[in-house]
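Asker: Got a structure for you, written out below as structure tokens; questions coming shortly.
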Amino acid sequence: MSSLLSKITLTIAISSSLLLAACSSSQQQSGPASVTLLTHDSFVVSEALIDQLKTETGITLKITTAGDAGAMVAGAILAAGSPSADAMFGIDNTLLTKAVDAQVFSSFTSKNLDSVIPELKKDTGNGVVTPIDYGDVCVNIDDAWFTKHKLAKPTALDQLTSLTYRDLLVVQDPATSSPGLAFMLATIAKYGDRWTKYWDKLNKNGVKVSGSWTDAYESEFSSNGGLYPLVVSYATSPPAEIVYAENPKPTKPSTSVLTDGCYRQVEFAGVLRGSGNEQAAQRVIDWLLSESVQADVPFSMFVFPARANTPLPEVFTKFAAKVSQPLQLPASDVNANLKNWLSKWGQVMGR
Amino acid sequence: MIPALFLIALLGVPLTNIFQRSFDVGTSFEIAPQVSIAFSAAGQALVSTVLATCIGLPIAGVLATHSFKGRAFTQALVTVPFVLPTVVIALAFRELLGSALAPGFLLVVIAHTYINLAVIVRIVGATWQQLDPRKVTVARSLGASPIRAFITVTFPELKASISSAASVVFVFCFTSLGVVLVLGNSSTRTLESQILRETSLLLDFPTAAITALLQLVLVSCVLLLGARTSLKRTSAVPTLRFTRLRPASSKAQRSYVFVIATIACSLVLLPLLSLAYASLHNSAGWTLQWWSSLASVDSGTTRLGSPLGAIGTSLRYALLTGVVAGFVGVGAAIGVLTHRLGRAVALIALAPLGISAATLGLGLMLAYGRPPLDLRSSDVLIPIAHSIVAVPLVIAVVLPTLLATDRRFAIAASSLGASPTRAFFTAYGPILRIVMIAAGGLAACVSLGEFGAASFLTRSSDPTVPVQIVRLLQRPGEQSFGVACALAMVLVMGTIALVAGIDALGKKRWVR
Amino acid sequence: MSQGLELRDLNIGYTSTLITANLQVCDGITVILGPSGCGKSTLLSTILGSVPALGGSLLLNDVEITSAPIHERRIGMVFQDPLLFSHLTVLQNVMYGLRRLGISKTLAAKKAAELLEWVGLLGYETRSIQELSGGQAQRVALARALAPEPAALLLDEPYSSLDAELRTRLAAEVAELLRSRNVVAVHVTHDEAEARSITSEIFRVAQASLERVTK
């Protein structure tokens, strides 16, 4: 009775799905002149540069996004050896080891690697990825607030546990937020085995834990109407504030950065193993490190280009904090201990 | 039968994969933390469900039994929170209540109630609308006050659909992710957020798999309970009749309708208004600049597609989901009524509700991520995922209504010589049409707001509007925030229009 | 008159007046004849109280009830469909009105059982309503309506969903039952033959008012 109707419907549904699948899969299987770049939701590049890539090399760049960096890497690990894209951009030092162990990438580092700043040259995961950009996660300071309350701005991470700065700091949960995680790793890098003591003191000093960067920065930060003049964010947040301010734009930022205790996040790109389109994918990675793309990186993604001597926009040179000694943990350490660290953090903070 | 097989095929493979992967878990695994999370999530879900039901029932009643000016608008408006991405809702609540309420249990419960009102109103309302109002009149004539009449006559007839709706709401709140992440704290963690943590952060797939299975088992139990009450033949079988909705007759009734409708609209509008306010304000005062830069913001970069394009993408997925889920879901509901194994079919088909977005994403990633069935690159995976999520909802809406139809119609029709199929459609035909449209509409709404599973699966180069909003929110600057709010308002208005349009389609009623 | 229903210039309708009714129903059954859509069902609904009158007044036993709520009017109603409460047994259905009056469960059960016997359904007390035939259900509906001893009973085409033979038989039986209990009733139908078999007090809806029909 009704099964007839169901049968017909189902047949139509299934056959059209398969048809669609067949058509689009063959489309997405990159032809010789196109490369599919797998990346996360925060990847941005100027369209003019993509056109330039096509003109110079004949390669059409297709970008597919896969959620945040973690989701992207998870999917890539599960598909290692038979990827749906040709190259990946956006894996960072926290996630690198697992991906390398799962043999997600094929051996390749860009021919432009030598032009990268010295600190990053050796960061290649044993020859499978190329660093493309880096950023620093630091505590941001609301200058206006401190001026108004006639309080001296903090200059060191240690000071955050003192009564002077009680109830003034908001951080993010490392389990749900990338900058939050970076800040936790910074404290581990700085304090070694005593890092949990530091957090205990922070906790007793009234630190607020937020679930996401958006919430902490857009709602809790006093510069945006909240109650906390100290927030974990990026070293490039102050210039970003100017760039994305309403017109007329202010001439200098109202926030600054605590340069002690910054954690360096590096983003890498690599060729995915088994895509069958390795040559073209390699060209794309070279392109990511090219002068024009590297010069575009600051305004597009608000991070610093890995390539040395790349001209930076004025807001960056004037207002982006120069972090002289960023903290960083070896990727293999993070990989081995992350679960344990998160668990300890949760215990100390009561979350 | 066949729709159920469709679901089993689509679901069984990912689930088996999850099941297999869970065996790889190491010896250091402990179940205790997951269990305690499950308990607190259950507590939160229970409170949210009770609150949503208490507020939703009067609204459902008013919409179902009276016609009044602004009814269509109210009906559409109440559905909007359900469709909006949770990140938008969370943002709106932070704007509205941020200074008054800290993130935590209360805020999460309020947000959950807000979002799930639509589920109660739609599911219970669909059945309520079909009830014969003359029964209440009879009860009144026998001396029952309006409240007494409701308790003794109407409520028993609604029990099945209330149970159905409440279990759906419970499951949604139990597996909530977005709201909990933004508006919650350590007391409101859910297993869903655990799965996410294990998959995307710790890259520990076996543990993720076990957590997913644990959640699945718990949720299935809840759904079974809800379904049992719904499917019990001995419970009240309301007599259905198609009537044109009449306006409220007495002054008392009119005031009641007015008060409830006003409260409903205000409750729904408040957070949305705070969003609208944010989209029209900067530090200097009122402004239109966020709206005017909608078209031009970030142009020339790959960051944002055109808002229109994104809406188009979302709509495409939504329509596809609505059609597929509508047919499959109604087919399965019919299967319940007509086959001996009907109940088993219904329960199996309801299972996907327990398969949360993260679980589904994980499973599909594990199963379909590689050849020979490499569907990742095709656009069809997202509507499939959405359909799987939507079909149980469709069944939950459709089943109580179908059960309520007087089966004597079918018997009468066949005694007059009609073939079984003919008799079936004579009895159920008119209801089927209404119900399929309502159900398909709800499925489309689910697709529009579904943002979670998609993030595991999307290989799409067409960002949807929710994705664009999230991107904007993740960077500093007044402009980012203002334009994000403006974009969110676009989504809100588009949703209202879509829902109102679908409702208008299903509007035709017959008078017997 | 001091007993029964009285309609004085009662304006029947939803937004505009369909009928201006003047009627006195003192005892026995009065039938209102008329084709579908002329407003006779609305007339009953107005007397019952589920639709407000647009004007005029309605009195029951000399008491004005024009704006009284339904549950205070003590008027019973039987519809075309039995509309039995499906989650209750036959006996519980009949007991419903008695319980609303505050009568104890045991006493209500006893009175309800008596009424069931009166309509010829002795032994059906614990049946579920799904087991009843059309005619049986309608009789239960009648018993249920009469249980709280209403001052008046309204019947809206109560037999039209039954087959012809059952219809005439039930109509005659019920008429006799109502007469034996001295129940004042208003019965609406479109079937003239049925009307004549029940009573001689027949009115027709014509020119927006009620006029008496003589043989």
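Labels used: A, B, ... for chains in the order of the structure tokens, numbers from 1 for residues in each chain, and numbers from 1 for ligands as shown.
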Considering only helix (DSSP H, G or I) as DSSP defines it on the backbone, what residues of region 52-120 of chain C qualify? List them as a PyMOL selection string.
Answerer: chain C and resi 70-72+90-100+105-118
Asker: Please dump the current selection as a compact mmCIF listing (two decimals), in the first residue's frame; keep C-alpha atoms.
Answerer:
# COMPACT_ATOMS: atom_id res chain seq x y z
CA ILE C 70 -21.43 27.20 30.08
CA HIS C 71 -20.70 25.25 33.23
CA GLU C 72 -23.13 27.26 35.28
CA VAL C 90 -18.48 3.78 29.83
CA LEU C 91 -19.45 4.18 33.47
CA GLN C 92 -16.84 6.86 34.10
CA ASN C 93 -18.18 8.80 31.14
CA VAL C 94 -21.66 8.80 32.56
CA MET C 95 -20.33 9.69 36.01
CA TYR C 96 -18.47 12.73 34.71
CA GLY C 97 -21.18 15.33 35.30
CA LEU C 98 -22.01 13.90 38.71
CA ARG C 99 -18.40 14.14 39.84
CA ARG C 100 -18.26 17.78 38.74
CA LYS C 105 -17.51 8.37 43.68
CA THR C 106 -19.66 5.59 45.08
CA LEU C 107 -22.90 7.52 44.88
CA ALA C 108 -22.06 8.79 41.40
CA ALA C 109 -21.26 5.26 40.24
CA LYS C 110 -24.58 4.05 41.55
CA LYS C 111 -26.60 6.78 39.84
CA ALA C 112 -24.63 6.33 36.64
CA ALA C 113 -25.29 2.61 36.62
CA GLU C 114 -28.99 3.31 37.00
CA LEU C 115 -28.94 5.58 34.00
CA LEU C 116 -27.05 3.05 31.94
CA GLU C 117 -29.72 0.55 32.69
CA TRP C 118 -32.35 3.10 31.75
Asker: Determine which residues of region 3-201 of chain C DSSP labels as strand (DSSP E or B) from the backbone of this structure, then write them out as a PyMOL selection string.
Answerer: chain C and resi 5-12+19-25+29-33+55-60+63-64+75-78+89+128+152-156+184-189
Asker: My list of candidates is A:Ser34, A:Asn247, A:Thr147, A:Gln103. Which is closest to chain B when distances are computed with only C-alpha atoms?
Answerer: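 Result for the nearest residue to chain B: A:Asn247.
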Asker: For chain B, which residues have at least one atom within 6 Å of chain C, if we go by only C-alpha atoms? Write them as a CSV table (one decimal) with C-alpha atoms, in the first residue's frame, please.
Answerer:
chain,number,residue,atom,x,y,z
B,135,LYS,CA,-15.6,17.6,23.6
B,140,ARG,CA,-18.3,22.3,30.1
B,141,SER,CA,-22.0,21.5,29.7
B,142,LEU,CA,-21.6,18.8,32.3
B,143,GLY,CA,-20.4,21.4,34.8
B,144,ALA,CA,-16.7,21.5,34.3
B,145,SER,CA,-15.0,24.9,34.6
B,236,ALA,CA,-6.6,8.3,24.8
Asker: Have a look at B:Ile115, B:Val138, B:Val88, B:Val492 and name the one nearest to chain A; count only C-alpha atoms.
Answerer: B:Val88
Asker: If we count only C-alpha atoms, what is near Val231 (chain A) at a cut-off of 8 Å, once residues fewer than 2 positions away on the same chain are taken out, given as a list of chain:residue names?
Answerer: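 Contacts, in chain order: A:Val139, A:Asn140, A:Ile141, A:Leu169, A:Val170, A:Val171, A:Ala216, A:Tyr217, A:Phe221, A:Tyr228, A:Pro229, A:Ser233.
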Asker: B:Leu224, B:Ala358, B:Ala92, B:Leu181: which is nearest chain A, counting only C-alpha atoms?
Answerer: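 So, comparing all the options, the nearest one is B:Leu181.
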Asker: Hey, what's within 6 Å of Ser387 (chain B) if we count only C-alpha atoms and toss same-chain stuff fewer than 4 positions away? As a ChimeraX atom specification, please?
Answerer: /B:321,325,383,391
Asker: Expressed in Å to a single decimal, how great is the separation between CA of Pro58 (chain B) and CA of Val259 (chain B)?
Answerer: 10.5 Å
Asker: Leaving out Leu61 (chain A) and any residue of its chain fewer than 6 positions from it, which residues lie within 9 Å of it when counting only C-alpha atoms, given as a list in words?
Answerer: Ala33, Ser34, Val35, Thr36, Leu37, Ile50, Asp51, Leu53, Lys54 and Val284 of chain A
Asker: Can you tell me how far CA of Thr127 (chain B) sits from CA of Ala318 (chain B), in Å to one decimal?
Answerer: 24.4 Å
